[in-house]
$ cat start-v7.txt   # compact mmCIF, C-alpha atoms
# COMPACT_ATOMS: atom_id res chain seq x y z
CA MET A 1305 17.55 50.05 36.36
CA PRO A 1306 16.62 46.36 36.61
CA VAL A 1307 15.55 44.97 39.97
CA SER A 1308 17.71 42.10 41.16
CA VAL A 1309 16.36 38.83 42.45
CA LEU A 1310 17.66 39.72 45.91
CA HIS A 1311 15.65 42.94 45.93
CA LEU A 1312 12.54 41.06 44.85
CA ALA A 1313 13.09 38.51 47.63
CA ILE A 1314 13.41 41.27 50.22
CA ILE A 1315 10.26 42.98 48.94
CA MET A 1316 8.32 39.70 49.00
CA LYS A 1317 9.54 38.91 52.52
CA ARG A 1318 8.32 42.30 53.75
CA LYS A 1319 4.97 41.78 52.07
CA MET A 1320 4.68 38.33 53.66
CA PHE A 1321 5.33 39.86 57.09
CA LEU A 1322 2.62 42.47 56.53
CA VAL A 1323 0.19 39.81 55.34
CA ALA A 1324 1.00 37.71 58.41
CA VAL A 1325 0.37 40.63 60.74
CA LEU A 1326 -2.90 41.43 58.95
CA VAL A 1327 -4.02 37.80 59.23
CA LEU A 1328 -3.26 37.91 62.94
CA PHE A 1329 -5.38 40.98 63.52
CA THR A 1330 -8.22 40.43 61.06
CA GLY A 1331 -10.64 39.65 63.85
CA GLY A 1332 -9.09 42.21 66.18
CA ILE A 1333 -9.51 45.23 63.95
CA ALA A 1334 -13.29 45.02 64.07
CA ALA A 1335 -13.39 44.61 67.83
CA ALA A 1336 -12.21 47.47 70.01
CA GLN A 1337 -11.47 45.22 72.99
CA SER A 1338 -8.93 43.06 71.17
CA ALA A 1339 -7.35 46.08 69.45
CA THR A 1340 -6.90 47.76 72.82
CA ARG A 1341 -5.41 44.56 74.23
CA VAL A 1342 -2.89 44.34 71.39
CA ASP A 1343 -1.99 48.03 71.80
CA ARG A 1344 -1.30 47.43 75.48
CA ILE A 1345 0.87 44.41 74.66
CA LEU A 1346 2.83 46.35 72.06
CA ALA A 1347 3.50 49.15 74.53
CA ARG A 1348 4.95 46.85 77.21
CA VAL A 1349 8.68 46.74 77.81
CA SER A 1350 8.28 43.15 79.01
CA ILE A 1351 5.10 41.16 78.55
CA ASP A 1352 3.53 38.84 81.09
CA ASN A 1353 2.70 35.17 80.66
CA LEU A 1354 -0.99 35.85 80.07
CA SER A 1355 -0.20 38.23 77.19
CA ALA A 1356 2.28 35.76 75.72
CA ALA A 1357 -0.33 32.99 75.89
CA TYR A 1358 -2.92 35.26 74.29
CA LEU A 1359 -0.59 36.12 71.37
CA ALA A 1360 0.34 32.48 70.79
CA VAL A 1361 -3.22 31.14 70.89
CA ALA A 1362 -4.95 34.02 69.08
CA SER A 1363 -2.33 34.05 66.29
CA ALA A 1364 -3.11 30.38 65.64
CA ASN A 1365 -6.86 31.15 65.52
CA LEU A 1366 -7.49 28.78 68.43
CA MET A 1367 -9.60 31.34 70.28
CA ASP A 1368 -11.70 34.39 69.53
CA PRO A 1369 -9.56 37.54 69.98
CA ASP A 1370 -12.25 39.02 72.25
CA ASP A 1371 -12.26 36.07 74.67
CA PRO A 1372 -10.63 36.61 78.06
CA GLY A 1373 -6.94 35.72 78.35
CA SER A 1374 -7.75 32.82 80.65
CA ILE A 1375 -9.13 30.98 77.60
CA ALA A 1376 -5.63 31.11 76.09
CA LEU A 1377 -4.25 29.37 79.17
CA GLU A 1378 -6.94 26.69 78.92
CA VAL A 1379 -6.10 26.07 75.26
CA LEU A 1380 -2.39 25.81 76.08
CA GLY A 1381 -3.19 23.36 78.86
CA ASP A 1382 -5.19 21.24 76.42
CA LEU A 1383 -2.18 21.22 74.06
CA GLY A 1384 0.14 19.94 76.78
CA PHE A 1385 1.67 23.10 78.20
CA ASP A 1386 2.14 22.94 81.98
CA VAL A 1387 -0.03 25.95 82.86
CA GLN A 1388 -0.08 25.01 86.55
CA SER A 1389 3.54 26.13 86.88
CA LEU A 1390 2.87 29.36 84.99
CA ASN A 1391 1.91 32.50 86.93
CA PRO A 1392 -0.14 34.60 84.46
CA ASP A 1393 1.05 37.89 85.98
CA GLU A 1394 4.78 37.10 85.98
CA THR A 1395 7.08 38.33 83.25
CA ALA A 1396 7.15 35.88 80.34
CA ARG A 1397 10.35 34.07 79.41
CA LEU A 1398 11.38 33.85 75.77
CA ALA A 1399 11.73 30.06 75.98
CA ASP A 1400 8.17 29.65 77.30
CA PHE A 1401 6.84 31.89 74.52
CA ALA A 1402 8.72 29.78 71.95
CA TYR A 1403 7.15 26.62 73.38
CA MET A 1404 3.68 28.21 73.33
CA LEU A 1405 4.14 29.08 69.65
CA MET A 1406 5.48 25.62 68.79
CA LEU A 1407 2.42 24.01 70.39
CA THR A 1408 -0.24 26.35 69.04
CA HIS A 1409 1.09 26.45 65.48
CA ASP A 1410 2.04 22.75 65.49
CA LEU A 1411 5.57 23.58 64.37
CA PRO A 1412 7.90 20.68 63.68
CA GLY A 1413 10.87 20.45 65.98
CA GLY A 1414 14.23 18.82 65.72
CA ILE A 1415 15.27 15.49 67.18
CA MET A 1416 15.74 16.79 70.71
CA TYR A 1417 12.39 18.63 70.67
CA SER A 1418 10.74 15.44 69.44
CA LEU A 1419 12.27 13.46 72.30
CA PHE A 1420 11.94 16.12 75.02
CA PRO A 1421 9.33 18.71 74.02
CA GLY A 1422 9.53 21.78 76.18
CA PRO A 1423 10.70 25.39 76.35
CA ARG A 1424 14.43 24.63 76.09
CA TYR A 1425 14.32 22.82 72.76
CA ALA A 1426 11.47 24.92 71.40
CA TYR A 1427 13.66 27.99 71.91
CA ARG A 1428 16.66 26.30 70.28
CA ASP A 1429 14.64 25.14 67.27
CA MET A 1430 13.07 28.55 66.77
CA ARG A 1431 16.52 30.16 66.94
CA HIS A 1432 17.77 27.63 64.38
CA GLU A 1433 14.89 28.49 62.03
CA ARG A 1434 15.58 32.21 62.65
CA LEU A 1435 12.08 32.74 64.00
CA ILE A 1436 13.69 34.18 67.13
CA ARG A 1437 16.50 36.51 66.23
CA GLY A 1438 19.05 38.47 68.15
CA GLY A 1439 21.16 37.43 71.05
CA GLY A 1440 19.92 36.70 74.45
CA ASP A 1441 19.11 34.23 77.10
CA PRO A 1442 16.04 31.96 76.79
CA GLY A 1443 15.05 33.07 80.28
CA GLU A 1444 15.11 36.75 79.47
CA PRO A 1445 12.02 38.95 79.33
CA PHE A 1446 11.02 40.44 75.98
CA SER A 1447 9.00 43.38 74.75
CA GLY A 1448 5.60 43.37 73.11
CA ARG A 1449 7.16 44.58 69.88
CA ARG A 1450 9.62 41.71 69.85
CA ALA A 1451 6.80 39.27 70.53
CA MET A 1452 4.87 40.64 67.55
CA ARG A 1453 7.92 40.33 65.29
CA ILE A 1454 8.34 36.70 66.39
CA VAL A 1455 4.65 35.98 65.77
CA GLY A 1456 4.92 37.56 62.32
CA ARG A 1457 7.88 35.35 61.44
CA VAL A 1458 6.05 32.26 62.75
CA LEU A 1459 3.00 33.04 60.62
CA ALA A 1460 5.18 33.54 57.54
CA PHE A 1461 7.02 30.27 58.31
CA VAL A 1462 3.74 28.37 58.65
CA GLU A 1463 2.50 29.81 55.37
CA ASP A 1464 5.76 28.90 53.61
CA THR A 1465 5.67 25.32 54.88
CA GLU A 1466 2.04 24.86 53.87
CA SER A 1467 2.63 25.94 50.27

$ encode --input "start-v7.txt" --output "C-alpha cells"
Amino acid sequence: MPVSVLHLAIIMKRKMFLVAVLVLFTGGIAAAQSATRVDRILARVSIDNLSAAYLAVASANLMDPDDPGSIALEVLGDLGFDVQSLNPDETARLADFAYMLMLTHDLPGGIMYSLFPGPRYAYRDMRHERLIRGGGDPGEPFSGRRAMRIVGRVLAFVEDTES
C-alpha cells in the first residue's frame, strides 16, 4: 500500500519533534544534575518561573544546562525581560513563558509584538503560529509536560525558519 504525502508529512513532523527534544537535552543527558532538573520539571503539575526561565534559556543554548537557575534569570534580564517583577518561586504564566521563548530564540513577532514587545503579544503570536496549542488563558499555569511540548515546537519552528 503506497504511503500518502500526508502520512510522510506526519512522520517527518514527529521525527522533527524528537530531534528537537534530543537537541534540547544533548548536554543534559551526560550530566545527572540537569537530567534530574528536567525530570522534576516534567513531573510538575504547574511549573514555577525559575523552571520556565531555565527551559527557555537552556533550550536556546544560552547557558550550560548544569548552571544554577539564577543564570537563566540573568540571561533573560540581559535580553530585556523584566526579571525584577518576576518572583522565581511563583507559578509561571503561559504568557510570560511565551515571551521568554520569543526573546531567547529571537522569534519574529507580528506588528503588535514589534511595537509593544511583551507577554501579551508574544502569547498571541505563538498561538497564531500554533507553537502554543489548546485553549486557555494567557495567565493560566501550565504543566512541565506542556512546557516541553511548547519548547519542542519552538525548536522545530526555529529549525524550519533557518532552512

$ residues_around --input "start-v7.txt" --residues "Gly1413 in chain A" --least-positions-apart "6" --cutoff "8 Å" --atoms "only C-alpha atoms" --output "JSON list (two decimals) with C-alpha atoms, in the coordinates of the input"
[["chain", "number", "residue", "atom", "x", "y", "z"],
["A", 1406, "MET", "CA", 5.48, 25.62, 68.79],
["A", 1425, "TYR", "CA", 14.32, 22.82, 72.76],
["A", 1426, "ALA", "CA", 11.47, 24.92, 71.40],
["A", 1429, "ASP", "CA", 14.64, 25.14, 67.27]]

$ closest_atom_pairs --input "start-v7.txt" --of "range 1358-1420 of chain A" --to "range 1433-1437 of chain A" --cutoff "12 Å" --atoms "only C-alpha atoms" --output "Markdown table"
| residue | atom | partner | partner_atom | distance |
| --- | --- | --- | --- | --- |
| A:Leu1398 | CA | A:Ile1436 | CA | 8.9 |
| A:Ala1399 | CA | A:Ile1436 | CA | 10.0 |
| A:Phe1401 | CA | A:Ile1436 | CA | 10.3 |
| A:Ala1402 | CA | A:Ile1436 | CA | 8.2 |
| A:Tyr1403 | CA | A:Ile1436 | CA | 11.8 |
| A:Leu1405 | CA | A:Leu1435 | CA | 10.4 |
| A:Met1406 | CA | A:Leu1435 | CA | 10.8 |
| A:Leu1411 | CA | A:Glu1433 | CA | 10.8 |
| A:Pro1412 | CA | A:Glu1433 | CA | 10.6 |
| A:Gly1413 | CA | A:Glu1433 | CA | 9.8 |
| A:Gly1414 | CA | A:Glu1433 | CA | 10.4 |

$ write_last_selection --input "start-v7.txt" --atoms "C-alpha atoms" --output "mmCIF file, in the frame of the given file"
data_model
loop_
_atom_site.group_PDB
_atom_site.id
_atom_site.type_symbol
_atom_site.label_atom_id
_atom_site.label_comp_id
_atom_site.auth_asym_id
_atom_site.auth_seq_id
_atom_site.Cartn_x
_atom_site.Cartn_y
_atom_site.Cartn_z
ATOM 1 C CA LEU A 1398 11.380 33.850 75.770
ATOM 2 C CA ALA A 1399 11.730 30.060 75.980
ATOM 3 C CA PHE A 1401 6.840 31.890 74.520
ATOM 4 C CA ALA A 1402 8.720 29.780 71.950
ATOM 5 C CA TYR A 1403 7.150 26.620 73.380
ATOM 6 C CA LEU A 1405 4.140 29.080 69.650
ATOM 7 C CA MET A 1406 5.480 25.620 68.790
ATOM 8 C CA LEU A 1411 5.570 23.580 64.370
ATOM 9 C CA PRO A 1412 7.900 20.680 63.680
ATOM 10 C CA GLY A 1413 10.870 20.450 65.980
ATOM 11 C CA GLY A 1414 14.230 18.820 65.720
#

$ atom_distance --input "start-v7.txt" --atom1 "CA of Gly1422 in chain A" --atom2 "CA of Gln1388 in chain A"
14.5 Å

$ atom_distance --input "start-v7.txt" --atom1 "CA of Phe1461 in chain A" --atom2 "CA of Ala1396 in chain A"
22.7 Å

$ axis_aligned_box --input "start-v7.txt" --around "range 1422-1428 of chain A" --padding-each-side "6 Å" --output "JSON"
{"center_x": 13.1, "center_y": 24.9, "center_z": 73.3, "size_x": 19.1, "size_y": 18.2, "size_z": 18.1}

$ atom_distance --input "start-v7.txt" --atom1 "CA of Ile1345 in chain A" --atom2 "CA of Phe1446 in chain A"
11.0 Å

$ residues_around --input "start-v7.txt" --residues "Gly1373 in chain A" --least-positions-apart "3" --cutoff "7 Å" --atoms "only C-alpha atoms" --output "PyMOL selection string"
chain A and resi 1354+1358+1376-1377

$ closest_residue --input "start-v7.txt" --among "A:Val1387, A:Val1455, A:Asp1352, A:Ser1338" --to "Met1367 in chain A" --atoms "all atoms listed in the file"
A:Ser1338

$ residues_around --input "start-v7.txt" --residues "Leu1366 in chain A" --least-positions-apart "2" --cutoff "9 Å" --atoms "all atoms listed in the file" --output "list in words"
Ala1360, Val1361, Ala1362, Ser1363, Ala1364, Asp1368, Ala1376, Val1379 and Thr1408 of chain A

$ residues_near_point --input "start-v7.txt" --point "(-5.2, 43.9, 76.0)" --cutoff "10 Å" --atoms "only C-alpha atoms" --output "short mmCIF file (atom, residue, chain, number, x, y, z; two decimals) with C-alpha atoms, in the coordinates of the input"
data_model
loop_
_atom_site.label_atom_id
_atom_site.label_comp_id
_atom_site.auth_asym_id
_atom_site.auth_seq_id
_atom_site.Cartn_x
_atom_site.Cartn_y
_atom_site.Cartn_z
CA ALA A 1336 -12.21 47.47 70.01
CA GLN A 1337 -11.47 45.22 72.99
CA SER A 1338 -8.93 43.06 71.17
CA ALA A 1339 -7.35 46.08 69.45
CA THR A 1340 -6.90 47.76 72.82
CA ARG A 1341 -5.41 44.56 74.23
CA VAL A 1342 -2.89 44.34 71.39
CA ASP A 1343 -1.99 48.03 71.80
CA ARG A 1344 -1.30 47.43 75.48
CA ILE A 1345 0.87 44.41 74.66
CA LEU A 1346 2.83 46.35 72.06
CA LEU A 1354 -0.99 35.85 80.07
CA SER A 1355 -0.20 38.23 77.19
CA TYR A 1358 -2.92 35.26 74.29
CA PRO A 1369 -9.56 37.54 69.98
CA ASP A 1370 -12.25 39.02 72.25
CA PRO A 1372 -10.63 36.61 78.06
CA GLY A 1373 -6.94 35.72 78.35
#

$ closest_residue --input "start-v7.txt" --among "A:Ser1389, A:Thr1465, A:Ser1447, A:Ser1418" --to "Ala1347 in chain A" --atoms "all atoms listed in the file"
A:Ser1447

$ closest_residue --input "start-v7.txt" --among "A:Leu1459, A:Ala1451, A:Met1416, A:Ala1357" --to "Asn1391 in chain A" --atoms "only C-alpha atoms"
A:Ala1357

$ closest_residue --input "start-v7.txt" --among "A:Leu1390, A:Asn1353, A:Glu1463, A:Thr1395" --to "Pro1445 in chain A" --atoms "all atoms listed in the file"
A:Thr1395

$ build_atoms --input "start-v7.txt" --residues "range 1366-1394 of chain A" --atoms "N, CA and C atoms" --output "PDB file, in the coordinates of the input"
ATOM      1  N   LEU A1366      -6.950  29.803  67.542  1.00  0.00           N
ATOM      2  CA  LEU A1366      -7.490  28.780  68.430  1.00  0.00           C
ATOM      3  C   LEU A1366      -8.439  29.367  69.465  1.00  0.00           C
ATOM      4  N   MET A1367      -8.669  30.669  69.386  1.00  0.00           N
ATOM      5  CA  MET A1367      -9.600  31.340  70.280  1.00  0.00           C
ATOM      6  C   MET A1367     -10.073  32.620  69.594  1.00  0.00           C
ATOM      7  N   ASP A1368     -11.201  33.109  70.020  1.00  0.00           N
ATOM      8  CA  ASP A1368     -11.700  34.390  69.530  1.00  0.00           C
ATOM      9  C   ASP A1368     -10.864  35.489  70.180  1.00  0.00           C
ATOM     10  N   PRO A1369     -10.397  36.477  69.407  1.00  0.00           N
ATOM     11  CA  PRO A1369      -9.560  37.540  69.980  1.00  0.00           C
ATOM     12  C   PRO A1369     -10.228  38.315  71.114  1.00  0.00           C
ATOM     13  N   ASP A1370     -11.547  38.282  71.197  1.00  0.00           N
ATOM     14  CA  ASP A1370     -12.250  39.020  72.250  1.00  0.00           C
ATOM     15  C   ASP A1370     -12.464  38.196  73.517  1.00  0.00           C
ATOM     16  N   ASP A1371     -12.121  36.910  73.480  1.00  0.00           N
ATOM     17  CA  ASP A1371     -12.260  36.070  74.670  1.00  0.00           C
ATOM     18  C   ASP A1371     -11.270  36.527  75.740  1.00  0.00           C
ATOM     19  N   PRO A1372     -11.585  36.257  77.000  1.00  0.00           N
ATOM     20  CA  PRO A1372     -10.630  36.610  78.060  1.00  0.00           C
ATOM     21  C   PRO A1372      -9.336  35.811  77.925  1.00  0.00           C
ATOM     22  N   GLY A1373      -8.251  36.365  78.447  1.00  0.00           N
ATOM     23  CA  GLY A1373      -6.940  35.720  78.350  1.00  0.00           C
ATOM     24  C   GLY A1373      -6.893  34.358  78.993  1.00  0.00           C
ATOM     25  N   SER A1374      -7.754  34.122  79.971  1.00  0.00           N
ATOM     26  CA  SER A1374      -7.750  32.820  80.650  1.00  0.00           C
ATOM     27  C   SER A1374      -8.084  31.684  79.678  1.00  0.00           C
ATOM     28  N   ILE A1375      -8.821  31.990  78.623  1.00  0.00           N
ATOM     29  CA  ILE A1375      -9.130  30.980  77.600  1.00  0.00           C
ATOM     30  C   ILE A1375      -7.840  30.519  76.933  1.00  0.00           C
ATOM     31  N   ALA A1376      -6.912  31.455  76.710  1.00  0.00           N
ATOM     32  CA  ALA A1376      -5.630  31.110  76.090  1.00  0.00           C
ATOM     33  C   ALA A1376      -4.875  30.104  76.957  1.00  0.00           C
ATOM     34  N   LEU A1377      -4.923  30.315  78.262  1.00  0.00           N
ATOM     35  CA  LEU A1377      -4.250  29.370  79.170  1.00  0.00           C
ATOM     36  C   LEU A1377      -4.909  27.998  79.124  1.00  0.00           C
ATOM     37  N   GLU A1378      -6.234  27.970  79.024  1.00  0.00           N
ATOM     38  CA  GLU A1378      -6.940  26.690  78.920  1.00  0.00           C
ATOM     39  C   GLU A1378      -6.547  25.949  77.641  1.00  0.00           C
ATOM     40  N   VAL A1379      -6.476  26.683  76.541  1.00  0.00           N
ATOM     41  CA  VAL A1379      -6.100  26.070  75.260  1.00  0.00           C
ATOM     42  C   VAL A1379      -4.676  25.515  75.352  1.00  0.00           C
ATOM     43  N   LEU A1380      -3.768  26.299  75.926  1.00  0.00           N
ATOM     44  CA  LEU A1380      -2.390  25.810  76.080  1.00  0.00           C
ATOM     45  C   LEU A1380      -2.340  24.559  76.953  1.00  0.00           C
ATOM     46  N   GLY A1381      -3.130  24.547  78.008  1.00  0.00           N
ATOM     47  CA  GLY A1381      -3.190  23.360  78.860  1.00  0.00           C
ATOM     48  C   GLY A1381      -3.674  22.145  78.092  1.00  0.00           C
ATOM     49  N   ASP A1382      -4.674  22.342  77.232  1.00  0.00           N
ATOM     50  CA  ASP A1382      -5.190  21.240  76.420  1.00  0.00           C
ATOM     51  C   ASP A1382      -4.140  20.726  75.432  1.00  0.00           C
ATOM     52  N   LEU A1383      -3.228  21.609  75.015  1.00  0.00           N
ATOM     53  CA  LEU A1383      -2.180  21.220  74.060  1.00  0.00           C
ATOM     54  C   LEU A1383      -0.968  20.586  74.738  1.00  0.00           C
ATOM     55  N   GLY A1384      -0.953  20.589  76.070  1.00  0.00           N
ATOM     56  CA  GLY A1384       0.140  19.940  76.780  1.00  0.00           C
ATOM     57  C   GLY A1384       1.085  20.868  77.514  1.00  0.00           C
ATOM     58  N   PHE A1385       0.827  22.156  77.479  1.00  0.00           N
ATOM     59  CA  PHE A1385       1.670  23.100  78.200  1.00  0.00           C
ATOM     60  C   PHE A1385       1.334  23.021  79.688  1.00  0.00           C
ATOM     61  N   ASP A1386       2.348  23.036  80.541  1.00  0.00           N
ATOM     62  CA  ASP A1386       2.140  22.940  81.980  1.00  0.00           C
ATOM     63  C   ASP A1386       1.738  24.321  82.519  1.00  0.00           C
ATOM     64  N   VAL A1387       0.446  24.630  82.428  1.00  0.00           N
ATOM     65  CA  VAL A1387      -0.030  25.950  82.860  1.00  0.00           C
ATOM     66  C   VAL A1387      -0.090  26.074  84.375  1.00  0.00           C
ATOM     67  N   GLN A1388      -0.051  24.960  85.089  1.00  0.00           N
ATOM     68  CA  GLN A1388      -0.080  25.010  86.550  1.00  0.00           C
ATOM     69  C   GLN A1388       1.172  25.697  87.104  1.00  0.00           C
ATOM     70  N   SER A1389       2.289  25.534  86.413  1.00  0.00           N
ATOM     71  CA  SER A1389       3.540  26.130  86.880  1.00  0.00           C
ATOM     72  C   SER A1389       3.726  27.553  86.362  1.00  0.00           C
ATOM     73  N   LEU A1390       2.757  28.054  85.636  1.00  0.00           N
ATOM     74  CA  LEU A1390       2.870  29.360  84.990  1.00  0.00           C
ATOM     75  C   LEU A1390       2.011  30.381  85.729  1.00  0.00           C
ATOM     76  N   ASN A1391       2.644  31.401  86.294  1.00  0.00           N
ATOM     77  CA  ASN A1391       1.910  32.500  86.930  1.00  0.00           C
ATOM     78  C   ASN A1391       1.551  33.500  85.832  1.00  0.00           C
ATOM     79  N   PRO A1392       0.258  33.721  85.564  1.00  0.00           N
ATOM     80  CA  PRO A1392      -0.140  34.600  84.460  1.00  0.00           C
ATOM     81  C   PRO A1392       0.388  36.034  84.574  1.00  0.00           C
ATOM     82  N   ASP A1393       0.623  36.499  85.793  1.00  0.00           N
ATOM     83  CA  ASP A1393       1.050  37.890  85.980  1.00  0.00           C
ATOM     84  C   ASP A1393       2.564  38.069  85.977  1.00  0.00           C
ATOM     85  N   GLU A1394       3.324  36.990  86.009  1.00  0.00           N
ATOM     86  CA  GLU A1394       4.780  37.100  85.980  1.00  0.00           C
ATOM     87  C   GLU A1394       5.272  37.443  84.587  1.00  0.00           C
TER      88      GLU A1394
END
